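Content type mmCIF, C-alpha atoms, from the file final35.cif:
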data_model
#
loop_
_atom_site.label_atom_id
_atom_site.label_comp_id
_atom_site.auth_asym_id
_atom_site.auth_seq_id
_atom_site.Cartn_x
_atom_site.Cartn_y
_atom_site.Cartn_z
CA MET A 1 133.78 183.54 182.33
CA GLU A 2 133.84 181.82 185.69
CA LEU A 3 135.26 178.67 184.09
CA ASN A 4 138.06 180.65 182.43
CA THR A 5 138.86 182.41 185.71
CA LEU A 6 138.98 179.05 187.50
CA ASN A 7 141.33 177.62 184.87
CA ILE A 8 143.59 180.65 185.13
CA SER A 9 143.65 180.31 188.94
CA LYS A 10 144.56 176.64 188.69
CA SER A 11 147.25 177.44 186.13
CA ASN A 12 148.71 180.15 188.41
CA LEU A 13 148.59 177.81 191.39
CA ALA A 14 150.41 175.07 189.47
CA LYS A 15 152.97 177.60 188.26
CA ARG A 16 153.57 178.85 191.81
CA LYS A 17 153.97 175.29 193.10
CA ALA A 18 156.48 174.50 190.36
CA ILE A 19 158.47 177.66 191.13
CA ASN A 20 158.33 176.86 194.84
CA ILE A 21 159.63 173.33 194.26
CA LEU A 22 162.38 174.66 191.97
CA MET A 23 163.54 177.30 194.45
CA LEU A 24 163.39 174.83 197.34
CA SER A 25 165.51 172.39 195.34
CA LEU A 26 168.03 175.13 194.55
CA CYS A 27 168.23 176.05 198.25
CA ILE A 28 168.86 172.42 199.20
CA VAL A 29 171.53 172.05 196.52
CA SER A 30 173.19 175.29 197.65
CA ALA A 31 173.18 174.11 201.27
CA LEU A 32 174.75 170.81 200.25
CA ILE A 33 177.41 172.61 198.22
CA ALA A 34 178.32 174.59 201.33
CA ILE A 35 178.08 171.73 203.84
CA VAL A 36 179.65 168.82 201.94
CA PRO A 37 183.15 170.40 201.62
CA LEU A 38 183.02 171.29 205.32
CA PHE A 39 182.25 167.72 206.35
CA TYR A 40 184.82 166.40 203.88
CA ILE A 41 187.55 168.56 205.40
CA PHE A 42 186.51 167.55 208.92
CA PHE A 43 186.45 163.81 208.23
CA TYR A 44 189.62 163.90 206.12
CA THR A 45 191.44 165.73 208.92
CA ALA A 46 190.05 163.26 211.45
CA THR A 47 191.12 160.29 209.36
CA ALA A 48 194.65 161.62 208.92
CA GLY A 49 195.10 162.87 212.48
CA LEU A 50 193.26 160.56 214.86
CA SER A 51 195.83 157.80 214.54
CA SER A 52 198.51 160.07 216.06
CA ILE A 53 196.40 161.40 218.92
CA ASN A 54 197.00 159.78 222.30
CA LEU A 55 197.54 160.83 225.91
CA ASP A 56 201.18 161.75 225.26
CA PHE A 57 200.18 164.02 222.38
CA LEU A 58 197.82 165.94 224.65
CA THR A 59 200.01 166.09 227.75
CA GLN A 60 203.68 166.15 226.67
CA LEU A 61 206.03 168.66 225.08
CA PRO A 62 207.44 168.18 221.57
CA LYS A 63 210.34 165.75 221.34
CA PRO A 64 213.54 166.38 219.34
CA VAL A 65 213.91 164.82 215.90
CA GLY A 66 214.51 161.07 216.15
CA GLU A 67 212.93 160.60 219.56
CA ALA A 68 209.62 158.76 219.71
CA GLY A 69 206.59 160.19 221.45
CA GLY A 70 206.02 163.77 222.46
CA GLY A 71 203.06 165.96 221.80
CA MET A 72 201.70 169.47 221.49
CA ALA A 73 200.42 170.18 224.99
CA ASN A 74 202.18 173.54 225.16
CA ALA A 75 200.84 174.56 221.75
CA ILE A 76 197.27 173.58 222.65
CA VAL A 77 197.34 175.59 225.87
CA GLY A 78 199.18 178.43 224.16
CA SER A 79 196.59 178.69 221.40
CA MET A 80 193.77 178.89 223.94
CA ILE A 81 195.60 181.64 225.83
CA ILE A 82 196.42 183.70 222.74
CA ILE A 83 192.89 183.35 221.37
CA GLY A 84 191.57 184.39 224.78
CA ILE A 85 193.76 187.51 224.78
CA GLY A 86 192.65 188.30 221.24
CA SER A 87 188.99 187.87 222.21
CA LEU A 88 189.37 190.17 225.22
CA PHE A 89 190.93 192.78 222.96
CA GLY A 90 188.92 192.44 219.74
CA ILE A 91 185.39 191.45 220.76
CA PRO A 92 184.57 194.48 222.98
CA ILE A 93 185.94 196.92 220.39
CA GLY A 94 184.07 195.22 217.54
CA LEU A 95 180.87 194.93 219.57
CA LEU A 96 180.84 198.57 220.67
CA SER A 97 181.76 199.74 217.16
CA GLY A 98 178.93 197.70 215.65
CA ILE A 99 176.43 199.09 218.17
CA TYR A 100 177.51 202.65 217.48
CA VAL A 101 177.38 202.24 213.70
CA ALA A 102 173.92 200.61 213.84
CA GLU A 103 172.33 203.05 216.29
CA TYR A 104 174.06 206.26 215.11
CA SER A 105 174.48 205.51 211.42
CA LYS A 106 174.13 209.10 210.21
CA THR A 107 177.02 210.63 212.14
CA PHE A 108 180.40 211.52 210.65
CA PHE A 109 182.25 209.30 213.13
CA SER A 110 180.04 206.37 212.15
CA ASN A 111 181.05 206.76 208.50
CA ILE A 112 184.70 206.76 209.53
CA ILE A 113 184.20 203.51 211.47
CA LYS A 114 182.52 201.91 208.45
CA PHE A 115 185.36 202.97 206.16
CA VAL A 116 188.07 201.73 208.55
CA THR A 117 186.20 198.45 209.03
CA ASP A 118 185.97 197.87 205.28
CA VAL A 119 189.66 198.62 204.83
CA LEU A 120 190.69 196.47 207.79
CA SER A 121 188.65 193.49 206.59
CA GLY A 122 190.63 193.46 203.34
CA VAL A 123 194.09 193.70 204.88
CA PRO A 124 196.04 190.39 204.73
CA SER A 125 196.68 188.88 208.13
CA ILE A 126 200.44 188.89 207.59
CA ILE A 127 200.33 192.70 207.24
CA ILE A 128 198.56 192.91 210.61
CA GLY A 129 201.26 190.67 212.05
CA ILE A 130 203.99 192.97 210.73
CA PHE A 131 202.12 196.00 212.06
CA VAL A 132 201.87 194.53 215.57
CA TYR A 133 205.51 193.49 215.30
CA GLY A 134 206.41 197.13 214.73
CA ILE A 135 204.29 198.64 217.50
CA VAL A 136 204.51 195.92 220.17
CA VAL A 137 207.37 193.47 219.59
CA LEU A 138 210.07 195.97 218.64
CA PRO A 139 209.41 198.39 221.54
CA MET A 140 209.29 195.46 223.99
CA HIS A 141 212.39 193.86 222.38
CA ARG A 142 210.81 190.40 222.53
CA PHE A 143 208.01 188.25 221.18
CA SER A 144 205.10 187.65 223.52
CA ALA A 145 201.63 186.19 223.91
CA TYR A 146 200.33 189.74 224.33
CA ALA A 147 201.55 190.66 220.85
CA GLY A 148 199.95 187.54 219.36
CA GLY A 149 196.66 188.27 221.10
CA ILE A 150 196.62 191.87 219.89
CA ALA A 151 197.24 190.71 216.31
CA LEU A 152 194.38 188.20 216.47
CA GLY A 153 192.14 190.78 218.13
CA ILE A 154 192.70 193.26 215.30
CA ILE A 155 191.73 190.57 212.80
CA MET A 156 188.53 189.90 214.75
CA ILE A 157 187.38 193.53 214.95
CA PRO A 158 185.96 194.01 211.40
CA THR A 159 184.07 190.70 211.47
CA VAL A 160 182.47 191.38 214.86
CA THR A 161 181.70 194.99 213.91
CA ARG A 162 179.99 194.18 210.65
CA ILE A 163 177.92 191.27 211.97
CA THR A 164 176.86 193.25 215.06
CA GLU A 165 175.78 196.13 212.84
CA GLU A 166 173.75 193.91 210.51
CA MET A 167 172.09 191.98 213.34
CA LEU A 168 171.04 195.17 215.15
CA LYS A 169 169.59 196.59 211.93
CA LEU A 170 167.34 193.53 211.67
CA VAL A 171 165.67 194.35 215.00
CA PRO A 172 162.27 195.96 214.28
CA THR A 173 162.10 199.70 214.87
CA SER A 174 158.81 199.17 216.72
CA LEU A 175 160.71 197.55 219.61
CA ARG A 176 162.87 200.65 220.00
CA GLU A 177 159.85 202.95 219.77
CA ALA A 178 157.87 200.94 222.31
CA SER A 179 160.74 201.03 224.77
CA LEU A 180 161.29 204.76 224.33
CA ALA A 181 157.55 205.37 224.69
CA LEU A 182 157.68 203.72 228.11
CA GLY A 183 160.28 206.23 229.22
CA ILE A 184 163.32 203.95 228.99
CA SER A 185 166.47 205.80 228.02
CA ARG A 186 168.04 205.15 224.64
CA TRP A 187 171.18 203.49 225.98
CA LYS A 188 169.14 201.12 228.14
CA THR A 189 166.91 200.34 225.16
CA THR A 190 169.95 199.48 223.07
CA LEU A 191 171.64 197.31 225.69
CA MET A 192 168.66 195.62 227.34
CA ILE A 193 166.25 195.18 224.43
CA VAL A 194 167.86 195.65 221.02
CA LEU A 195 171.13 193.91 221.87
CA ARG A 196 169.35 191.04 223.61
CA THR A 197 167.01 190.53 220.67
CA ALA A 198 169.94 190.31 218.26
CA SER A 199 172.15 188.31 220.62
CA GLY A 200 171.84 185.03 218.72
CA GLY A 201 173.22 186.43 215.48
CA ILE A 202 175.86 188.47 217.26
CA ILE A 203 177.16 185.42 219.14
CA THR A 204 177.29 183.52 215.87
CA GLY A 205 179.37 186.34 214.40
CA ILE A 206 181.72 186.30 217.38
CA LEU A 207 182.20 182.55 216.99
CA LEU A 208 182.89 183.08 213.30
CA ALA A 209 185.59 185.61 214.18
CA VAL A 210 187.11 183.27 216.78
CA SER A 211 187.08 180.40 214.29
CA ARG A 212 188.85 182.54 211.72
CA VAL A 213 191.68 183.67 213.99
CA ALA A 214 192.12 180.22 215.54
CA GLY A 215 193.86 179.00 212.41
CA GLU A 216 195.92 182.10 211.66
CA THR A 217 199.63 181.38 211.37
CA ALA A 218 201.30 184.37 209.70
CA PRO A 219 200.50 186.97 212.39
CA LEU A 220 201.76 184.67 215.14
CA LEU A 221 205.09 184.14 213.38
CA PHE A 222 205.77 187.87 213.85
CA THR A 223 204.28 188.24 217.33
CA SER A 224 204.14 185.23 219.67
CA PHE A 225 206.73 183.39 217.50
CA GLY A 226 206.57 179.99 219.23
CA ASN A 227 208.19 178.01 221.99
CA THR A 228 209.16 174.35 222.36
CA PHE A 229 208.67 174.55 226.14
CA TRP A 230 206.00 175.73 228.54
CA SER A 231 205.71 179.52 228.65
CA ASN A 232 205.90 180.87 232.18
CA SER A 233 204.74 184.37 231.27
CA LEU A 234 202.43 186.12 228.84
CA ASP A 235 205.29 188.52 228.27
CA SER A 236 207.43 185.85 226.57
CA PRO A 237 207.28 183.79 223.34
CA MET A 238 204.47 181.25 223.45
CA ALA A 239 203.71 178.14 221.40
CA SER A 240 200.52 177.93 219.36
CA LEU A 241 198.89 175.19 217.33
CA PRO A 242 198.95 176.97 213.94
CA VAL A 243 202.67 177.76 214.20
CA GLN A 244 203.49 174.28 215.49
CA ILE A 245 201.47 172.69 212.70
CA PHE A 246 203.24 174.91 210.15
CA ASN A 247 206.68 173.97 211.46
CA TYR A 248 205.85 170.27 211.42
CA ALA A 249 204.19 170.39 208.00
CA ILE A 250 207.21 171.95 206.24
CA SER A 251 209.65 169.53 207.86
CA PRO A 252 211.00 166.51 205.95
CA TYR A 253 210.09 164.06 208.72
CA GLU A 254 207.12 161.73 208.29
CA GLU A 255 206.52 161.53 212.05
CA TRP A 256 206.16 165.29 212.25
CA HIS A 257 203.76 165.24 209.29
CA ARG A 258 201.49 162.85 211.17
CA LYS A 259 201.61 165.07 214.24
CA ALA A 260 200.79 168.08 212.08
CA TRP A 261 197.59 166.34 210.95
CA ALA A 262 196.83 165.46 214.56
CA GLY A 263 197.32 169.09 215.57
CA ALA A 264 195.05 170.24 212.75
CA PHE A 265 192.32 167.90 213.94
CA VAL A 266 192.68 169.11 217.54
CA LEU A 267 192.39 172.71 216.35
CA VAL A 268 189.24 171.97 214.34
CA PHE A 269 187.79 169.99 217.23
CA ILE A 270 188.42 172.81 219.74
CA VAL A 271 186.63 175.33 217.54
CA PHE A 272 183.77 172.88 217.00
CA VAL A 273 183.32 172.21 220.72
CA ILE A 274 183.45 175.92 221.60
CA SER A 275 180.79 176.65 218.99
CA ILE A 276 178.46 173.89 220.21
CA VAL A 277 178.84 174.74 223.90
CA VAL A 278 178.32 178.47 223.44
CA ARG A 279 175.28 177.95 221.22
CA ILE A 280 173.67 175.58 223.73
CA VAL A 281 174.35 177.84 226.72
CA THR A 282 173.18 181.03 225.02
CA ARG A 283 170.11 179.38 223.53
CA ASN A 284 168.94 178.18 226.94
CA LYS A 285 169.75 181.49 228.57
CA PHE A 286 167.97 183.72 226.11
CA SER A 287 165.00 181.40 225.69
CA GLN A 288 164.43 181.75 229.44
CA ASN A 289 164.77 185.54 229.26
CA LEU A 290 162.32 185.80 226.40
#

Just give me the structure as structure tokens.
Amino acid sequence: MELNTLNISKSNLAKRKAINILMLSLCIVSALIAIVPLFYIFFYTATAGLSSINLDFLTQLPKPVGEAGGGMANAIVGSMIIIGIGSLFGIPIGLLSGIYVAEYSKTFFSNIIKFVTDVLSGVPSIIIGIFVYGIVVLPMHRFSAYAGGIALGIIMIPTVTRITEEMLKLVPTSLREASLALGISRWKTTLMIVLRTASGGIITGILLAVSRVAGETAPLLFTSFGNTFWSNSLDSPMASLPVQIFNYAISPYEEWHRKAWAGAFVLVFIVFVISIVVRIVTRNKFSQNL
């Protein structure tokens, strides 16, 4: 009897090891399937665009057709400004909505927020651009960086809301109960303990939202429109990398095609650098707090 039990235990152990190896292999393969296309796109963009990147490209305005040189300095700065406006508009709304939905999930207003978030996440970006065109551009009678930022901010809201909600739900209930048992108010518990615990995932979600809107072209065609010169005001049309890349890519000129690839690489590189810097800063900060 003991011998049979021992054989069964060894058989179960071998079976578990085989299943573990199989599942680990599937996880590695899945990770490679997700990572390899990302690296391929990055290196292909770098290969096609690096040859056209120089100091003039980063510091000068676009040149007319037929003139050598020129760059996308105004579009690079314009993209950063419009993304910044969109972040100031979309991130706070998405963050507060996600906190409310996670902490007060059984209320009627919370269900409305969930429904609106689901609907908004499925709306094409060009529809959002047309919507902002109708409520901002037409009343102002002009394109502007403000309109572009609002459009990008609206696109960011559902992503930030959903990820904030999911990250807060992963925080153990025991942390909330321990804080409340010590006499700490609920809002302080949410902001100082729950939100801080989930901060890593929330920041990742915010970066994901920023990365998504950084390459949006359609909404900006209806809002910020574009500009071949430096924009002196946020209340006027402003150049952006996605629109500039689009205009160069559809042109029949080979020189502009090369600059479009260079602009695409700069856009990818900016998002990559922002992600790395924010992750390093927040990791050090929150590791010290914890």

Please list as a list in words every residue within 8 Å of region 193-199 of chain A, counting all atoms listed in the file and excluding residues in the same chain fewer than 5 positions away.
Met167, Leu168, Leu170, Val171, Leu175, Arg176, Lys188 and Phe286 of chain A

With C-alpha atoms kept, could you save the residues just selected as a JSON list (two decimals), keeping the file's coordinate frame?
[["chain", "number", "residue", "atom", "x", "y", "z"],
["A", 167, "MET", "CA", 172.09, 191.98, 213.34],
["A", 168, "LEU", "CA", 171.04, 195.17, 215.15],
["A", 170, "LEU", "CA", 167.34, 193.53, 211.67],
["A", 171, "VAL", "CA", 165.67, 194.35, 215.00],
["A", 175, "LEU", "CA", 160.71, 197.55, 219.61],
["A", 176, "ARG", "CA", 162.87, 200.65, 220.00],
["A", 188, "LYS", "CA", 169.14, 201.12, 228.14],
["A", 286, "PHE", "CA", 167.97, 183.72, 226.11]]

Take the PyMOL selection byres ((chain A and resi 44-54) around 7), apply it to the structure above, and return the hits as a PyMOL selection string.
chain A and resi 40-43+55-58+258-259+261-262+264-265

Do you have, as a tab-separated table, the list of residues of region 224-278 of chain A lying at most 10 Å from region 81-104 of chain A, each with its nearest atom pair and that distance in Å to one decimal, counting all atoms listed in the file and ordered by chain then number?
residue	atom	partner	partner_atom	distance
A:Ser224	CA	A:Ile82	CA	8.4
A:Leu234	CA	A:Ile81	CA	8.7
A:Met238	CA	A:Ile82	CA	8.4
A:Ala239	CA	A:Ile82	CA	9.3
A:Ser240	CA	A:Ile82	CA	7.8

Considering only C-alpha atoms, can you say which of A:Ser79, A:Thr189, A:Thr117, A:Ser233 comes closest to Glu165 (chain A)?
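Checking each candidate against Glu165 (chain A), we get A:Thr117 as the closest.
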
Find the distance between CA of Val132 (chain A) and CA of Thr217 (chain A) and write it in Å to one decimal.
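Separating CA of Val132 (chain A) from CA of Thr217 (chain A) is a distance of 14.0 Å.
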
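Proximity to Ile127 (chain A) was assessed for A:Leu152, A:Ser211, A:Leu182, A:Pro158 counting all atoms listed in the file; the smallest distance is recorded for A:Leu152.
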
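Atom pair CA of Glu67 (chain A) / CA of Asn232 (chain A): separated by 24.9 Å.
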
Quick one, how far is CA of Phe115 (chain A) from CA of Ile130 (chain A)?
21.6 Å

List the residues matched by the PyMOL selection byres ((chain A and resi 242) around 12) in the displayed structure as a PDB file with C-alpha atoms, in the coordinates of the input, ordered by chain and then by residue number.
ATOM      1  CA  MET A  72     201.700 169.470 221.490  1.00  0.00           C
ATOM      2  CA  ALA A  75     200.840 174.560 221.750  1.00  0.00           C
ATOM      3  CA  ILE A  76     197.270 173.580 222.650  1.00  0.00           C
ATOM      4  CA  GLY A  78     199.180 178.430 224.160  1.00  0.00           C
ATOM      5  CA  SER A  79     196.590 178.690 221.400  1.00  0.00           C
ATOM      6  CA  MET A  80     193.770 178.890 223.940  1.00  0.00           C
ATOM      7  CA  ILE A  82     196.420 183.700 222.740  1.00  0.00           C
ATOM      8  CA  ILE A  83     192.890 183.350 221.370  1.00  0.00           C
ATOM      9  CA  GLY A 148     199.950 187.540 219.360  1.00  0.00           C
ATOM     10  CA  ARG A 212     188.850 182.540 211.720  1.00  0.00           C
ATOM     11  CA  VAL A 213     191.680 183.670 213.990  1.00  0.00           C
ATOM     12  CA  ALA A 214     192.120 180.220 215.540  1.00  0.00           C
ATOM     13  CA  GLY A 215     193.860 179.000 212.410  1.00  0.00           C
ATOM     14  CA  GLU A 216     195.920 182.100 211.660  1.00  0.00           C
ATOM     15  CA  THR A 217     199.630 181.380 211.370  1.00  0.00           C
ATOM     16  CA  ALA A 218     201.300 184.370 209.700  1.00  0.00           C
ATOM     17  CA  PRO A 219     200.500 186.970 212.390  1.00  0.00           C
ATOM     18  CA  LEU A 220     201.760 184.670 215.140  1.00  0.00           C
ATOM     19  CA  LEU A 221     205.090 184.140 213.380  1.00  0.00           C
ATOM     20  CA  SER A 224     204.140 185.230 219.670  1.00  0.00           C
ATOM     21  CA  PHE A 225     206.730 183.390 217.500  1.00  0.00           C
ATOM     22  CA  GLY A 226     206.570 179.990 219.230  1.00  0.00           C
ATOM     23  CA  MET A 238     204.470 181.250 223.450  1.00  0.00           C
ATOM     24  CA  ALA A 239     203.710 178.140 221.400  1.00  0.00           C
ATOM     25  CA  SER A 240     200.520 177.930 219.360  1.00  0.00           C
ATOM     26  CA  LEU A 241     198.890 175.190 217.330  1.00  0.00           C
ATOM     27  CA  VAL A 243     202.670 177.760 214.200  1.00  0.00           C
ATOM     28  CA  GLN A 244     203.490 174.280 215.490  1.00  0.00           C
ATOM     29  CA  ILE A 245     201.470 172.690 212.700  1.00  0.00           C
ATOM     30  CA  PHE A 246     203.240 174.910 210.150  1.00  0.00           C
ATOM     31  CA  ASN A 247     206.680 173.970 211.460  1.00  0.00           C
ATOM     32  CA  TYR A 248     205.850 170.270 211.420  1.00  0.00           C
ATOM     33  CA  ALA A 249     204.190 170.390 208.000  1.00  0.00           C
ATOM     34  CA  ALA A 260     200.790 168.080 212.080  1.00  0.00           C
ATOM     35  CA  TRP A 261     197.590 166.340 210.950  1.00  0.00           C
ATOM     36  CA  ALA A 262     196.830 165.460 214.560  1.00  0.00           C
ATOM     37  CA  GLY A 263     197.320 169.090 215.570  1.00  0.00           C
ATOM     38  CA  ALA A 264     195.050 170.240 212.750  1.00  0.00           C
ATOM     39  CA  PHE A 265     192.320 167.900 213.940  1.00  0.00           C
ATOM     40  CA  VAL A 266     192.680 169.110 217.540  1.00  0.00           C
ATOM     41  CA  LEU A 267     192.390 172.710 216.350  1.00  0.00           C
ATOM     42  CA  VAL A 268     189.240 171.970 214.340  1.00  0.00           C
TER      43      VAL A 268
END

Pick from A:Gly183, A:Gly66, A:Ala145, A:Ala209, whichever lies nearest to Tyr253 (chain A) using all atoms listed in the file:
A:Gly66

From the set A:Glu254, A:Thr161, A:Glu166, A:Pro64, which residue has the shortest atom-to-atom contact distance to Val116 (chain A), counting all atoms listed in the file?
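For Val116 (chain A), the nearest of the given residues is A:Thr161.
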
Spatial neighbours of Phe229 (chain A), 8 Å, all atoms listed in the file, chain gap at least 2 places, as a list in words:
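Selected residues are Leu61, Pro62, Asn74, Asn227, Ser231 and Ala239 of chain A.
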
Start from the incomplete input, build N, CA and C atoms for region 219-240 of chain A, and deliver everything as a PDB file, in the frame of the given file.
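So the final result, stored in part.pdb, reads:
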ATOM      1  N   PRO A 219     200.325 185.933 211.360  1.00  0.00           N
ATOM      2  CA  PRO A 219     200.500 186.970 212.390  1.00  0.00           C
ATOM      3  C   PRO A 219     201.267 186.483 213.606  1.00  0.00           C
ATOM      4  N   LEU A 220     201.092 185.204 213.953  1.00  0.00           N
ATOM      5  CA  LEU A 220     201.760 184.670 215.140  1.00  0.00           C
ATOM      6  C   LEU A 220     203.250 184.464 214.914  1.00  0.00           C
ATOM      7  N   LEU A 221     203.655 184.269 213.668  1.00  0.00           N
ATOM      8  CA  LEU A 221     205.090 184.140 213.380  1.00  0.00           C
ATOM      9  C   LEU A 221     205.835 185.434 213.689  1.00  0.00           C
ATOM     10  N   PHE A 222     205.146 186.570 213.593  1.00  0.00           N
ATOM     11  CA  PHE A 222     205.770 187.870 213.850  1.00  0.00           C
ATOM     12  C   PHE A 222     205.510 188.385 215.262  1.00  0.00           C
ATOM     13  N   THR A 223     204.680 187.688 216.029  1.00  0.00           N
ATOM     14  CA  THR A 223     204.280 188.240 217.330  1.00  0.00           C
ATOM     15  C   THR A 223     204.597 187.295 218.490  1.00  0.00           C
ATOM     16  N   SER A 224     203.876 186.180 218.576  1.00  0.00           N
ATOM     17  CA  SER A 224     204.140 185.230 219.670  1.00  0.00           C
ATOM     18  C   SER A 224     205.295 184.290 219.333  1.00  0.00           C
ATOM     19  N   PHE A 225     205.589 184.138 218.055  1.00  0.00           N
ATOM     20  CA  PHE A 225     206.730 183.390 217.500  1.00  0.00           C
ATOM     21  C   PHE A 225     206.627 181.891 217.720  1.00  0.00           C
ATOM     22  N   GLY A 226     206.596 181.428 218.944  1.00  0.00           N
ATOM     23  CA  GLY A 226     206.570 179.990 219.230  1.00  0.00           C
ATOM     24  C   GLY A 226     207.539 179.641 220.336  1.00  0.00           C
ATOM     25  N   ASN A 227     207.359 178.451 220.876  1.00  0.00           N
ATOM     26  CA  ASN A 227     208.190 178.010 221.990  1.00  0.00           C
ATOM     27  C   ASN A 227     208.075 176.493 222.091  1.00  0.00           C
ATOM     28  N   THR A 228     209.188 175.808 222.246  1.00  0.00           N
ATOM     29  CA  THR A 228     209.160 174.350 222.360  1.00  0.00           C
ATOM     30  C   THR A 228     208.962 173.896 223.808  1.00  0.00           C
ATOM     31  N   PHE A 229     208.857 174.872 224.723  1.00  0.00           N
ATOM     32  CA  PHE A 229     208.670 174.550 226.140  1.00  0.00           C
ATOM     33  C   PHE A 229     207.413 175.249 226.649  1.00  0.00           C
ATOM     34  N   TRP A 230     207.116 175.025 227.912  1.00  0.00           N
ATOM     35  CA  TRP A 230     206.000 175.730 228.540  1.00  0.00           C
ATOM     36  C   TRP A 230     206.379 177.189 228.735  1.00  0.00           C
ATOM     37  N   SER A 231     205.464 178.090 228.451  1.00  0.00           N
ATOM     38  CA  SER A 231     205.710 179.520 228.650  1.00  0.00           C
ATOM     39  C   SER A 231     205.277 179.895 230.059  1.00  0.00           C
ATOM     40  N   ASN A 232     206.191 180.498 230.794  1.00  0.00           N
ATOM     41  CA  ASN A 232     205.900 180.870 232.180  1.00  0.00           C
ATOM     42  C   ASN A 232     205.294 182.251 232.311  1.00  0.00           C
ATOM     43  N   SER A 233     205.242 182.999 231.218  1.00  0.00           N
ATOM     44  CA  SER A 233     204.740 184.370 231.270  1.00  0.00           C
ATOM     45  C   SER A 233     204.074 184.740 229.966  1.00  0.00           C
ATOM     46  N   LEU A 234     203.062 185.596 230.040  1.00  0.00           N
ATOM     47  CA  LEU A 234     202.430 186.120 228.840  1.00  0.00           C
ATOM     48  C   LEU A 234     203.320 187.124 228.137  1.00  0.00           C
ATOM     49  N   ASP A 235     204.363 187.540 228.811  1.00  0.00           N
ATOM     50  CA  ASP A 235     205.290 188.520 228.270  1.00  0.00           C
ATOM     51  C   ASP A 235     206.493 187.851 227.596  1.00  0.00           C
ATOM     52  N   SER A 236     206.343 186.613 227.192  1.00  0.00           N
ATOM     53  CA  SER A 236     207.430 185.850 226.570  1.00  0.00           C
ATOM     54  C   SER A 236     206.877 185.077 225.378  1.00  0.00           C
ATOM     55  N   PRO A 237     207.750 184.585 224.480  1.00  0.00           N
ATOM     56  CA  PRO A 237     207.280 183.790 223.340  1.00  0.00           C
ATOM     57  C   PRO A 237     206.425 182.601 223.799  1.00  0.00           C
ATOM     58  N   MET A 238     205.385 182.312 223.059  1.00  0.00           N
ATOM     59  CA  MET A 238     204.470 181.250 223.450  1.00  0.00           C
ATOM     60  C   MET A 238     204.124 180.387 222.241  1.00  0.00           C
ATOM     61  N   ALA A 239     204.062 179.086 222.470  1.00  0.00           N
ATOM     62  CA  ALA A 239     203.710 178.140 221.400  1.00  0.00           C
ATOM     63  C   ALA A 239     202.238 178.279 221.052  1.00  0.00           C
ATOM     64  N   SER A 240     201.901 177.935 219.815  1.00  0.00           N
ATOM     65  CA  SER A 240     200.520 177.930 219.360  1.00  0.00           C
ATOM     66  C   SER A 240     200.346 176.821 218.335  1.00  0.00           C
TER      67      SER A 240
END
